[in-house]
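Have a look at model-v9.cif; it's mmCIF, C-alpha atoms:
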```
data_work
#
loop_
_atom_site.label_atom_id
_atom_site.label_comp_id
_atom_site.auth_asym_id
_atom_site.auth_seq_id
_atom_site.Cartn_x
_atom_site.Cartn_y
_atom_site.Cartn_z
CA MET A 1 0.00 0.00 0.00
CA LYS A 2 1.29 3.48 -0.86
CA ILE A 3 0.80 5.78 2.13
CA LEU A 4 1.50 9.51 2.45
CA MET A 5 2.16 10.58 6.06
CA LEU A 6 1.94 14.32 6.80
CA SER A 7 3.78 15.79 9.79
CA SER A 8 4.48 19.42 10.57
CA THR A 9 6.78 18.10 13.30
CA PHE A 10 10.05 16.47 12.27
CA PRO A 11 9.59 12.99 13.82
CA TYR A 12 13.22 12.21 14.56
CA PRO A 13 14.90 11.41 16.85
CA PRO A 14 12.00 9.55 18.49
CA THR A 15 12.86 10.99 21.92
CA GLY A 16 12.01 14.62 21.28
CA GLY A 17 8.43 14.64 22.55
CA GLY A 18 5.06 12.94 22.34
CA THR A 19 4.32 13.89 18.73
CA GLN A 20 7.73 12.76 17.49
CA VAL A 21 7.59 9.49 19.42
CA ARG A 22 4.13 8.53 18.15
CA THR A 23 4.73 9.57 14.55
CA PHE A 24 8.10 7.87 14.20
CA ASN A 25 7.07 4.57 15.75
CA LEU A 26 3.92 4.27 13.65
CA LEU A 27 5.94 5.18 10.57
CA LYS A 28 8.54 2.59 11.51
CA TYR A 29 5.92 -0.15 11.85
CA LEU A 30 4.09 0.68 8.63
CA SER A 31 7.31 0.80 6.61
CA LYS A 32 7.77 -2.95 7.12
CA ARG A 33 4.96 -3.80 4.70
CA HIS A 34 4.03 -0.58 2.93
CA GLN A 35 5.62 2.10 0.79
CA ILE A 36 5.76 5.20 2.97
CA THR A 37 6.30 8.74 1.79
CA ALA A 38 6.81 11.11 4.72
CA LEU A 39 6.14 14.78 4.09
CA VAL A 40 7.61 16.73 7.00
CA GLN A 41 8.63 20.18 8.11
CA ARG A 42 12.10 20.96 9.40
CA ASN A 43 13.08 23.76 11.76
CA GLU A 44 16.56 25.07 12.52
CA ASP A 45 17.13 22.52 15.30
CA VAL A 46 17.00 19.53 12.91
CA THR A 47 20.43 18.39 11.73
CA ASP A 48 21.38 17.02 8.31
CA ALA A 49 22.32 13.75 10.03
CA GLU A 50 18.81 13.44 11.47
CA VAL A 51 17.29 14.04 8.05
CA GLU A 52 19.49 11.31 6.62
CA GLU A 53 18.65 8.89 9.43
CA LEU A 54 14.89 9.43 9.11
CA GLY A 55 15.19 8.87 5.37
CA GLU A 56 16.46 5.35 6.02
CA TRP A 57 13.05 4.37 7.42
CA VAL A 58 10.86 5.40 4.50
CA GLU A 59 10.54 4.90 0.77
CA GLU A 60 10.60 8.65 0.21
CA LEU A 61 11.27 11.58 2.53
CA VAL A 62 10.19 15.05 1.41
CA VAL A 63 11.36 17.87 3.67
CA PHE A 64 10.03 21.42 3.73
CA GLY A 65 11.27 24.30 5.82
CA ARG A 66 8.96 25.33 8.61
CA PRO A 67 7.17 28.54 7.59
CA LYS A 68 8.38 31.67 9.31
CA PRO A 69 5.35 33.40 10.82
CA ALA A 70 4.69 36.93 9.73
CA GLU A 71 5.46 39.65 12.25
CA ALA A 72 2.48 39.56 14.58
CA GLU A 73 0.76 42.76 15.54
CA GLY A 74 1.19 43.28 19.26
CA GLY A 75 -1.16 44.55 21.94
CA ILE A 76 -4.94 44.58 21.97
CA LEU A 77 -5.18 45.38 18.24
CA GLY A 78 -3.13 42.33 17.28
CA LYS A 79 -5.19 40.05 19.50
CA MET A 80 -8.41 41.39 18.01
CA GLN A 81 -7.10 40.85 14.48
CA ARG A 82 -6.13 37.22 15.21
CA PHE A 83 -9.47 36.52 16.87
CA SER A 84 -11.32 38.11 13.94
CA ALA A 85 -9.36 35.93 11.48
CA PHE A 86 -10.19 32.82 13.53
CA LEU A 87 -13.86 33.82 13.64
CA GLN A 88 -14.06 34.35 9.88
CA GLN A 89 -11.79 31.57 8.58
CA GLY A 90 -12.63 28.91 11.16
CA THR A 91 -9.00 27.76 11.59
CA PRO A 92 -7.01 28.50 14.77
CA PRO A 93 -3.87 30.67 14.51
CA SER A 94 -1.85 27.73 15.91
CA VAL A 95 -2.72 25.77 12.76
CA LEU A 96 -2.39 28.61 10.28
CA HIS A 97 1.11 29.62 11.36
CA LEU A 98 2.44 26.17 10.40
CA TYR A 99 0.66 26.08 7.05
CA SER A 100 2.95 25.75 4.01
CA PRO A 101 1.55 26.63 0.55
CA ASP A 102 4.46 24.69 -0.98
CA MET A 103 3.45 21.57 0.93
CA GLN A 104 -0.15 22.09 -0.12
CA GLN A 105 0.83 22.28 -3.80
CA TRP A 106 2.92 19.09 -3.51
CA ILE A 107 0.06 17.22 -1.84
CA ASN A 108 -2.55 18.48 -4.31
CA GLU A 109 -0.49 17.29 -7.26
CA ALA A 110 0.15 13.89 -5.66
CA VAL A 111 -3.56 13.33 -5.03
CA ARG A 112 -4.45 14.52 -8.54
CA ASP A 113 -1.94 12.06 -10.02
CA GLY A 114 -3.24 9.17 -7.87
CA ARG A 115 0.15 8.48 -6.28
CA PHE A 116 -1.22 7.24 -2.94
CA GLU A 117 -3.91 4.96 -1.58
CA ALA A 118 -4.03 6.61 1.85
CA ILE A 119 -3.08 9.89 3.52
CA THR A 120 -2.52 10.25 7.26
CA CYS A 121 -2.34 13.48 9.22
CA GLU A 122 0.03 12.83 12.11
CA HIS A 123 -1.46 15.28 14.60
CA SER A 124 -4.64 17.20 13.88
CA VAL A 125 -2.71 20.36 12.94
CA ASN A 126 -2.02 18.72 9.55
CA GLU A 127 -5.73 18.40 8.73
CA ILE A 128 -5.51 21.75 6.94
CA TYR A 129 -3.92 20.06 3.90
CA VAL A 130 -6.77 17.58 3.29
CA GLN A 131 -9.82 18.37 1.18
CA PRO A 132 -13.25 16.89 2.03
CA ASP A 133 -13.83 15.33 -1.39
CA TRP A 134 -10.58 13.32 -1.21
CA GLN A 135 -12.46 10.67 0.79
CA GLU A 136 -13.95 9.54 -2.51
CA ARG A 137 -10.49 8.83 -4.00
CA LEU A 138 -8.43 7.39 -1.14
CA ARG A 139 -8.38 6.67 2.58
CA THR A 140 -7.93 9.86 4.61
CA VAL A 141 -7.04 9.44 8.29
CA VAL A 142 -6.45 12.03 11.00
CA ASN A 143 -4.41 10.90 14.01
CA ILE A 144 -5.65 13.21 16.77
CA HIS A 145 -3.18 13.26 19.64
CA SER A 146 -5.62 15.22 21.80
CA SER A 147 -8.78 17.26 21.32
CA VAL A 148 -8.00 20.99 21.18
CA TYR A 149 -11.55 21.81 22.25
CA GLY A 150 -11.44 19.29 25.09
CA THR A 151 -8.10 20.62 26.30
CA CYS A 152 -9.28 24.24 26.24
CA ARG A 153 -12.49 23.38 28.06
CA ASN A 154 -10.57 21.39 30.66
CA GLN A 155 -8.20 24.30 31.30
CA LEU A 156 -11.14 26.62 31.86
CA GLU A 157 -12.89 24.15 34.16
CA THR A 158 -9.77 23.53 36.26
CA GLY A 159 -8.63 27.15 36.44
CA THR A 160 -5.37 26.35 34.62
CA SER A 161 -5.96 28.53 31.57
CA GLU A 162 -3.07 30.83 30.70
CA ASN A 163 -5.53 33.47 29.44
CA ASN A 164 -9.06 32.94 30.70
CA LEU A 165 -10.79 35.60 28.59
CA ARG A 166 -9.08 34.50 25.39
CA ASP A 167 -9.96 30.85 25.97
CA GLN A 168 -13.58 31.68 26.83
CA LEU A 169 -13.85 33.44 23.47
CA ASN A 170 -12.01 30.70 21.59
CA LEU A 171 -13.90 27.74 23.09
CA PRO A 172 -16.98 27.79 20.80
CA LEU A 173 -14.72 28.46 17.81
CA LEU A 174 -12.56 25.45 18.66
CA ARG A 175 -15.68 23.30 18.88
CA ARG A 176 -16.79 24.50 15.45
CA TYR A 177 -13.28 23.89 14.10
CA GLU A 178 -13.11 20.27 15.30
CA GLU A 179 -16.61 19.55 14.06
CA GLN A 180 -15.65 20.80 10.60
CA TYR A 181 -12.33 19.06 10.18
CA CYS A 182 -13.49 15.72 11.58
CA SER A 183 -16.09 15.51 8.83
CA LYS A 184 -13.34 15.49 6.16
CA PHE A 185 -11.87 12.09 7.06
CA SER A 186 -12.77 8.49 6.34
CA GLY A 187 -11.04 7.43 9.58
CA ILE A 188 -10.32 9.17 12.90
CA VAL A 189 -7.77 7.92 15.42
CA VAL A 190 -7.49 9.03 19.06
CA THR A 191 -5.32 7.83 21.95
CA THR A 192 -7.85 7.37 24.78
CA GLU A 193 -11.51 6.69 25.44
CA ASP A 194 -11.89 10.20 26.90
CA ASP A 195 -10.87 11.70 23.58
CA ARG A 196 -13.07 9.24 21.69
CA ARG A 197 -16.09 10.43 23.68
CA GLN A 198 -15.13 14.04 23.02
CA ILE A 199 -14.69 13.57 19.26
CA ARG A 200 -17.88 11.49 19.10
CA GLU A 201 -19.80 14.66 20.01
CA PHE A 202 -18.46 16.30 16.85
CA ALA A 203 -18.72 13.31 14.52
CA PRO A 204 -21.53 10.96 15.66
CA LYS A 205 -21.33 8.75 12.57
CA ALA A 206 -17.55 8.72 12.11
CA ALA A 207 -15.33 5.64 12.38
CA ILE A 208 -13.29 6.49 15.49
CA SER A 209 -10.53 4.14 16.62
CA VAL A 210 -8.70 4.26 19.94
CA ILE A 211 -5.02 3.50 19.47
CA PRO A 212 -2.84 4.26 22.52
CA ASN A 213 0.86 4.97 22.43
CA GLY A 214 3.55 2.39 23.07
CA VAL A 215 6.99 2.24 24.63
CA ASP A 216 10.33 1.31 23.11
CA PHE A 217 11.65 -1.20 25.64
CA LYS A 218 15.21 -0.79 24.38
CA LEU A 219 15.08 2.84 25.45
CA PHE A 220 13.15 2.15 28.66
CA PRO A 221 14.30 -1.16 30.17
CA ARG A 222 12.99 -2.13 33.58
CA ARG A 223 15.42 -1.16 36.32
CA ILE A 224 17.39 -3.87 38.02
CA SER A 225 16.87 -2.78 41.63
CA ASP A 226 14.92 -0.39 43.83
CA PRO A 227 17.20 2.52 44.82
CA GLY A 228 15.18 3.33 47.92
CA GLY A 229 15.63 6.81 49.33
CA GLN A 230 13.29 9.77 48.94
CA ARG A 231 13.93 10.97 45.42
CA LEU A 232 11.09 12.25 43.22
CA VAL A 233 11.28 12.89 39.49
CA PHE A 234 9.06 14.55 36.89
CA ILE A 235 9.81 14.04 33.19
CA GLY A 236 8.57 16.31 30.40
CA ALA A 237 9.26 19.14 27.98
CA MET A 238 9.63 22.20 30.16
CA ASP A 239 8.24 24.68 27.64
CA ASN A 240 4.94 22.80 27.34
CA ARG A 241 2.09 24.65 29.05
CA PRO A 242 0.42 21.62 30.73
CA ASN A 243 3.83 20.49 32.03
CA ILE A 244 4.65 23.98 33.32
CA ASP A 245 1.35 24.06 35.19
CA ALA A 246 1.98 20.57 36.58
CA VAL A 247 5.47 21.26 37.94
CA ARG A 248 4.49 24.61 39.43
CA PHE A 249 1.46 23.12 41.13
CA PHE A 250 3.46 20.23 42.53
CA SER A 251 6.55 22.25 43.48
CA LEU A 252 4.65 25.05 45.22
CA GLU A 253 1.61 23.31 46.69
CA VAL A 254 2.65 19.69 47.23
CA PHE A 255 6.42 19.37 47.58
CA PRO A 256 6.78 21.60 50.68
CA LYS A 257 4.23 19.42 52.48
CA VAL A 258 6.13 16.27 51.46
CA ARG A 259 9.33 17.83 52.85
CA GLU A 260 7.59 18.51 56.15
CA ARG A 261 7.13 14.76 56.60
CA HIS A 262 10.30 13.68 54.80
CA PRO A 263 12.90 16.48 55.05
CA GLU A 264 15.47 14.69 52.85
CA THR A 265 13.15 14.49 49.84
CA THR A 266 14.46 15.84 46.53
CA LEU A 267 12.62 16.61 43.31
CA GLU A 268 14.27 16.59 39.89
CA LEU A 269 12.45 18.34 37.04
CA VAL A 270 13.89 16.67 33.94
CA GLY A 271 13.26 17.93 30.45
CA ALA A 272 14.43 20.22 27.68
CA LYS A 273 13.85 23.96 27.28
CA PRO A 274 12.88 24.96 30.83
CA VAL A 275 11.20 28.37 30.76
CA ALA A 276 11.68 31.04 33.42
CA GLU A 277 8.59 29.83 35.33
CA VAL A 278 10.26 26.43 35.71
CA LEU A 279 13.82 27.63 36.32
CA GLU A 280 12.74 29.72 39.29
CA LEU A 281 11.44 26.60 41.02
CA GLN A 282 14.99 25.46 41.76
CA GLU A 283 15.19 28.28 44.29
CA GLN A 284 13.00 26.05 46.47
CA PRO A 285 14.93 23.73 48.83
CA GLY A 286 15.38 20.26 47.37
CA ILE A 287 14.35 21.08 43.78
CA SER A 288 16.68 20.90 40.78
CA VAL A 289 15.99 21.67 37.10
CA THR A 290 18.17 19.66 34.74
CA GLY A 291 17.32 20.91 31.25
CA ARG A 292 17.95 18.45 28.42
CA VAL A 293 19.70 15.27 29.58
CA PRO A 294 21.49 12.52 27.61
CA SER A 295 19.31 9.74 29.03
CA ILE A 296 15.87 10.16 30.59
CA VAL A 297 15.77 6.55 31.71
CA ASP A 298 18.84 7.04 33.92
CA TYR A 299 16.92 9.62 35.94
CA LEU A 300 13.90 7.34 36.14
CA HIS A 301 15.96 4.39 37.36
CA LYS A 302 17.49 6.47 40.15
CA ALA A 303 14.15 7.84 41.35
CA THR A 304 12.17 6.40 44.23
CA VAL A 305 8.90 7.67 42.76
CA CYS A 306 7.88 9.34 39.49
CA VAL A 307 5.18 12.00 39.89
CA VAL A 308 2.84 12.96 37.03
CA PRO A 309 0.74 15.79 38.53
CA MET A 310 -0.99 16.86 35.30
CA ARG A 311 -4.05 19.03 35.77
CA THR A 312 -4.79 19.60 32.09
CA GLY A 313 -3.92 18.20 28.67
CA PHE A 314 -5.93 15.41 27.06
CA GLY A 315 -4.52 12.27 25.47
CA ILE A 316 -2.38 9.41 26.74
CA LYS A 317 0.82 10.50 28.50
CA ASN A 318 4.10 9.05 27.28
CA LYS A 319 5.78 10.12 30.51
CA THR A 320 3.45 7.82 32.48
CA LEU A 321 3.91 4.86 30.14
CA GLU A 322 7.71 5.25 30.13
CA ALA A 323 7.97 5.48 33.91
CA MET A 324 5.88 2.34 34.34
CA ALA A 325 7.93 0.55 31.68
CA ALA A 326 11.10 1.50 33.55
CA GLY A 327 9.69 -0.09 36.69
CA VAL A 328 9.36 3.16 38.63
CA PRO A 329 6.37 3.52 41.00
CA VAL A 330 4.06 6.27 39.74
CA VAL A 331 1.89 8.73 41.64
CA SER A 332 -0.32 10.54 39.17
CA SER A 333 -3.47 12.57 38.66
CA ASP A 334 -6.50 11.44 36.71
CA ARG A 335 -5.20 13.42 33.71
CA GLY A 336 -1.80 11.77 33.95
CA LEU A 337 -3.44 8.33 34.07
CA GLU A 338 -5.89 8.98 31.25
CA GLY A 339 -6.55 5.83 29.25
CA LEU A 340 -4.88 3.52 31.81
CA GLU A 341 -6.49 0.98 34.14
CA VAL A 342 -4.38 1.11 37.27
CA ASP A 343 -6.80 0.55 40.15
CA GLY A 344 -10.37 -0.39 40.97
CA GLY A 345 -10.77 -4.05 40.09
CA VAL A 346 -7.39 -4.57 38.43
CA PRO A 347 -3.96 -5.22 39.96
CA LEU A 348 -2.67 -2.02 41.56
CA ARG A 349 -0.32 -0.43 39.01
CA ALA A 350 -0.03 3.19 40.18
CA LEU A 351 -1.31 5.42 42.96
CA ARG A 352 -3.85 8.08 42.09
CA ALA A 353 -3.79 11.60 43.53
CA ASN A 354 -5.33 14.93 42.57
CA GLU A 355 -5.24 17.09 45.69
CA PRO A 356 -2.10 18.04 47.66
CA THR A 357 -3.07 15.90 50.65
CA GLU A 358 -3.59 12.88 48.36
CA TYR A 359 -0.13 13.33 46.84
CA VAL A 360 1.51 13.61 50.24
CA TYR A 361 -0.24 10.47 51.48
CA ALA A 362 0.55 8.42 48.35
CA ILE A 363 4.21 9.49 48.22
CA SER A 364 4.68 8.83 51.92
CA ARG A 365 3.24 5.33 51.54
CA LEU A 366 5.74 4.55 48.80
CA PHE A 367 8.70 6.05 50.66
CA GLU A 368 7.89 3.87 53.66
CA ASP A 369 6.80 0.62 52.02
CA ARG A 370 9.32 -1.23 49.84
CA LYS A 371 6.83 -4.03 49.15
CA LEU A 372 4.32 -1.56 47.76
CA ARG A 373 7.00 -0.06 45.52
CA LYS A 374 7.85 -3.55 44.28
CA GLN A 375 4.18 -4.28 43.59
CA LEU A 376 3.70 -1.15 41.50
CA SER A 377 6.99 -1.71 39.69
CA GLU A 378 6.09 -5.24 38.64
CA ASN A 379 2.43 -4.58 37.84
CA GLY A 380 3.16 -1.37 35.95
CA ARG A 381 5.80 -2.99 33.77
CA ALA A 382 3.53 -5.98 33.08
CA LEU A 383 0.73 -3.67 31.92
CA ILE A 384 2.99 -1.87 29.45
CA GLU A 385 4.40 -5.12 28.11
CA SER A 386 0.93 -6.53 27.44
CA GLU A 387 -1.03 -3.48 26.30
CA TYR A 388 1.27 -0.64 25.27
CA THR A 389 3.77 -1.80 22.69
CA TRP A 390 4.45 -0.04 19.39
CA GLU A 391 3.95 -3.36 17.63
CA ARG A 392 0.38 -3.48 18.87
CA ALA A 393 -0.27 0.20 18.12
CA GLY A 394 1.19 -0.18 14.63
CA GLU A 395 -0.98 -3.20 13.87
CA LEU A 396 -4.12 -1.32 14.93
CA TYR A 397 -3.11 1.70 12.86
CA GLU A 398 -2.47 -0.47 9.82
CA ASN A 399 -5.98 -1.90 10.16
CA VAL A 400 -7.45 1.61 10.12
CA LEU A 401 -5.52 2.48 6.98
CA ILE A 402 -6.70 -0.55 5.08
CA GLY A 403 -10.24 -0.05 6.37
CA GLU A 404 -10.55 -3.02 8.70
CA GLY A 405 -11.13 -1.21 12.00
CA THR A 406 -9.22 -1.91 15.21
CA SER A 407 -10.86 -4.88 16.94
CA ALA A 408 -12.33 -4.15 20.37
CA ARG A 409 -10.88 -0.65 20.51
CA SER A 410 -12.60 0.50 17.32
CA GLN A 411 -15.81 2.44 17.83
CA THR A 412 -17.83 3.01 14.68
#
```

Let me see the file written as structure tokens.
Amino acid sequence: MKILMLSSTFPYPPTGGGTQVRTFNLLKYLSKRHQITALVQRNEDVTDAEVEELGEWVEELVVFGRPKPAEAEGGILGKMQRFSAFLQQGTPPSVLHLYSPDMQQWINEAVRDGRFEAITCEHSVNEIYVQPDWQERLRTVVNIHSSVYGTCRNQLETGTSENNLRDQLNLPLLRRYEEQYCSKFSGIVVTTEDDRRQIREFAPKAAISVIPNGVDFKLFPRRISDPGGQRLVFIGAMDNRPNIDAVRFFSLEVFPKVRERHPETTLELVGAKPVAEVLELQEQPGISVTGRVPSIVDYLHKATVCVVPMRTGFGIKNKTLEAMAAGVPVVSSDRGLEGLEVDGGVPLRALRANEPTEYVYAISRLFEDRKLRKQLSENGRALIESEYTWERAGELYENVLIGEGTSARSQT
């Protein structure tokens, strides 16, 4: 099968973030049996070596430069102009600023010439390149990593919005936007049941398939031994708004209370591109901010507990899957555990917490109980091995592309 995969994110190396990890591993699986053309955008951080290495995995790699956004008008006038454009055009500024007319021309010509049997949009931002009538010529699939409407609504409901007034105004427009683009595709893929329910509101008759992420066990082997101690770790890109909110909430509202009970506790915030709001947290006793590190798994293996205190952000969380694969006990919020069965009728695989007192209690239990840590380590790893492999995700994705659904996880 000849498949065109569209990605505005350069999906290599597969350790750069959730979008890169998911896109590369699905691409890698599909390339075993299909002819893959990857159409990607490259920013200044991507090296020539990385371009060459990604090219080894596909039949054809077509690379475009990432568009340079026009100078944005500042102040109230600029905000009003962007909102007016969103209102009239129906497409969010976050999608428009990545749009490449050159890519659009390449795709249009390829579809006109019948070069491909299927097109995938790896992340919903790429939906802008697909025309509604293409469904009649070939399979068109959008791989939605998380609902933009659902995320915005969640931020407003939880008080974690960066700009409450802006998001209140944008919310109905985001709903309209997702309703419109979902109707263009012959197949829709999401990562969790929560997102499936959200997208179902927009597209009641659509074929929606739930395909979670996986873990590369070579990159995240289970640790050999429990290090003990009182060492906490959070893993994530430190310029990502949901991650920024999570580490600030935990560092300012939870961590001091943990230190009251366990004064030797440390917290490492591990991830690339820490913004000022994150860097200032290391002024708190016991907190360090690492920036980019050579090996995330080394930090996981040395940690007593991995915390995933997400308060917003829909979709399955790679950071949770990777910590469980590494055999590290996890204490996480409902958002951080989205899509995972970890308690309530199944073997205990992680501890759930949403309020500061719940985090303190769960972390203290794990600090004090080696057997409980061992239980979560073993059960968490077993869950990832059985349910969250890239082989399984790739097989489900392949079924969507050839129009066969995705077994029990397909909802049509």

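Residue nearest A:Val95, chosen from A:Thr37, A:Thr312, A:Ser124, A:Asn154 and counting all atoms listed in the file: A:Ser124.
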
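Nearest-residue note for A:Pro329: choosing from A:Arg166, A:Lys317, A:Lys371, A:Lys273, the minimum distance belongs to A:Lys371, counting all atoms listed in the file.
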
Applied to this file, what does the PyMOL selection byres ((chain A and resi 319) around 8) return in terms of residues, put as a ChimeraX atom specification? /A:235-236,308,317-318,320-323

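Taking atom CA of A:Ala272 and atom CA of A:Met238 as the two end points, the separation is 5.8 Å.
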
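You can rank A:Leu6, A:Gly18, A:Arg381, A:Pro13 by their closest distance to A:Glu50 using only C-alpha atoms, and at the top of that list sits A:Pro13.
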
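Of the listed residues A:Ile199, A:Val62, A:Leu232, A:Ala353, the one whose atoms come nearest to A:Leu4 is A:Val62, with distances taken using only C-alpha atoms.
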
Selection under test: the PyMOL selection byres ((chain A and resi 143-152) around 10); residues as a compact mmCIF listing (two decimals) with C-alpha atoms, in the coordinates of the input:
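Final file, selection24.txt:
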```txt
# COMPACT_ATOMS: atom_id res chain seq x y z
CA GLY A 18 5.06 12.94 22.34
CA THR A 19 4.32 13.89 18.73
CA ARG A 22 4.13 8.53 18.15
CA THR A 23 4.73 9.57 14.55
CA PRO A 92 -7.01 28.50 14.77
CA THR A 120 -2.52 10.25 7.26
CA CYS A 121 -2.34 13.48 9.22
CA GLU A 122 0.03 12.83 12.11
CA HIS A 123 -1.46 15.28 14.60
CA SER A 124 -4.64 17.20 13.88
CA VAL A 125 -2.71 20.36 12.94
CA ASN A 126 -2.02 18.72 9.55
CA GLU A 127 -5.73 18.40 8.73
CA VAL A 141 -7.04 9.44 8.29
CA VAL A 142 -6.45 12.03 11.00
CA ARG A 153 -12.49 23.38 28.06
CA ASN A 154 -10.57 21.39 30.66
CA GLN A 155 -8.20 24.30 31.30
CA LEU A 156 -11.14 26.62 31.86
CA GLU A 157 -12.89 24.15 34.16
CA THR A 160 -5.37 26.35 34.62
CA SER A 161 -5.96 28.53 31.57
CA ASN A 164 -9.06 32.94 30.70
CA ASP A 167 -9.96 30.85 25.97
CA GLN A 168 -13.58 31.68 26.83
CA ASN A 170 -12.01 30.70 21.59
CA LEU A 171 -13.90 27.74 23.09
CA PRO A 172 -16.98 27.79 20.80
CA LEU A 173 -14.72 28.46 17.81
CA LEU A 174 -12.56 25.45 18.66
CA ARG A 175 -15.68 23.30 18.88
CA ARG A 176 -16.79 24.50 15.45
CA TYR A 177 -13.28 23.89 14.10
CA GLU A 178 -13.11 20.27 15.30
CA GLU A 179 -16.61 19.55 14.06
CA CYS A 182 -13.49 15.72 11.58
CA GLY A 187 -11.04 7.43 9.58
CA ILE A 188 -10.32 9.17 12.90
CA VAL A 189 -7.77 7.92 15.42
CA VAL A 190 -7.49 9.03 19.06
CA THR A 191 -5.32 7.83 21.95
CA THR A 192 -7.85 7.37 24.78
CA ASP A 194 -11.89 10.20 26.90
CA ASP A 195 -10.87 11.70 23.58
CA ARG A 196 -13.07 9.24 21.69
CA GLN A 198 -15.13 14.04 23.02
CA ILE A 199 -14.69 13.57 19.26
CA SER A 209 -10.53 4.14 16.62
CA VAL A 210 -8.70 4.26 19.94
CA ILE A 211 -5.02 3.50 19.47
CA PRO A 212 -2.84 4.26 22.52
CA ASN A 213 0.86 4.97 22.43
CA PRO A 242 0.42 21.62 30.73
CA THR A 312 -4.79 19.60 32.09
CA GLY A 313 -3.92 18.20 28.67
CA PHE A 314 -5.93 15.41 27.06
CA GLY A 315 -4.52 12.27 25.47
CA ILE A 316 -2.38 9.41 26.74
CA TYR A 397 -3.11 1.70 12.86
```

Neighbour list for A:Pro309 as a ChimeraX atom specification, cut-off 6 Å, all atoms listed in the file, skip fewer than 6 positions in-chain: /A:246,332-333

Check what the PyMOL selection byres ((chain A and resi 378) around 12) selects in the file above and give those residues as JSON, numbers by chain. {"A": [222, 223, 224, 225, 226, 323, 324, 325, 326, 327, 328, 329, 330, 347, 348, 349, 350, 371, 372, 373, 374, 375, 376, 377, 379, 380, 381, 382, 383, 384, 385]}

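Proximity of A:Ile287, A:Met310, A:Val58, A:Leu300 to A:Thr265, computed with all atoms listed in the file, is greatest for A:Ile287.
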
List every protein, DNA or RNA residue with an atom no more than 6 Å from (-19.6, 18.7, 14.2) in the file's coordinates, counting only C-alpha atoms, and format the result as number ranges by chain. A: 179-180, 202-203

By how many Å are atom CA of A:Val21 and atom CA of A:Thr47 apart? 17.4 Å

Pull stretch 149-182 of chain A out of the block and emit C-alpha atoms, as a PDB file, in the first residue's frame.
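Wrote out_20.pdb, looks like this:
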```
ATOM      1  CA  TYR A 149     -11.552  21.811  22.249  1.00  0.00           C
ATOM      2  CA  GLY A 150     -11.441  19.289  25.085  1.00  0.00           C
ATOM      3  CA  THR A 151      -8.100  20.619  26.298  1.00  0.00           C
ATOM      4  CA  CYS A 152      -9.276  24.237  26.238  1.00  0.00           C
ATOM      5  CA  ARG A 153     -12.493  23.380  28.060  1.00  0.00           C
ATOM      6  CA  ASN A 154     -10.572  21.388  30.662  1.00  0.00           C
ATOM      7  CA  GLN A 155      -8.197  24.303  31.304  1.00  0.00           C
ATOM      8  CA  LEU A 156     -11.139  26.622  31.862  1.00  0.00           C
ATOM      9  CA  GLU A 157     -12.887  24.153  34.158  1.00  0.00           C
ATOM     10  CA  THR A 158      -9.771  23.534  36.262  1.00  0.00           C
ATOM     11  CA  GLY A 159      -8.626  27.151  36.439  1.00  0.00           C
ATOM     12  CA  THR A 160      -5.367  26.349  34.624  1.00  0.00           C
ATOM     13  CA  SER A 161      -5.964  28.532  31.568  1.00  0.00           C
ATOM     14  CA  GLU A 162      -3.072  30.829  30.697  1.00  0.00           C
ATOM     15  CA  ASN A 163      -5.528  33.467  29.444  1.00  0.00           C
ATOM     16  CA  ASN A 164      -9.062  32.938  30.701  1.00  0.00           C
ATOM     17  CA  LEU A 165     -10.790  35.599  28.594  1.00  0.00           C
ATOM     18  CA  ARG A 166      -9.076  34.496  25.390  1.00  0.00           C
ATOM     19  CA  ASP A 167      -9.956  30.845  25.972  1.00  0.00           C
ATOM     20  CA  GLN A 168     -13.575  31.684  26.832  1.00  0.00           C
ATOM     21  CA  LEU A 169     -13.855  33.437  23.474  1.00  0.00           C
ATOM     22  CA  ASN A 170     -12.014  30.696  21.594  1.00  0.00           C
ATOM     23  CA  LEU A 171     -13.899  27.739  23.086  1.00  0.00           C
ATOM     24  CA  PRO A 172     -16.982  27.793  20.804  1.00  0.00           C
ATOM     25  CA  LEU A 173     -14.720  28.460  17.811  1.00  0.00           C
ATOM     26  CA  LEU A 174     -12.561  25.447  18.663  1.00  0.00           C
ATOM     27  CA  ARG A 175     -15.682  23.305  18.879  1.00  0.00           C
ATOM     28  CA  ARG A 176     -16.788  24.503  15.448  1.00  0.00           C
ATOM     29  CA  TYR A 177     -13.278  23.889  14.098  1.00  0.00           C
ATOM     30  CA  GLU A 178     -13.108  20.269  15.304  1.00  0.00           C
ATOM     31  CA  GLU A 179     -16.611  19.547  14.057  1.00  0.00           C
ATOM     32  CA  GLN A 180     -15.653  20.798  10.596  1.00  0.00           C
ATOM     33  CA  TYR A 181     -12.329  19.056  10.178  1.00  0.00           C
ATOM     34  CA  CYS A 182     -13.492  15.723  11.583  1.00  0.00           C
TER      35      CYS A 182
END
```
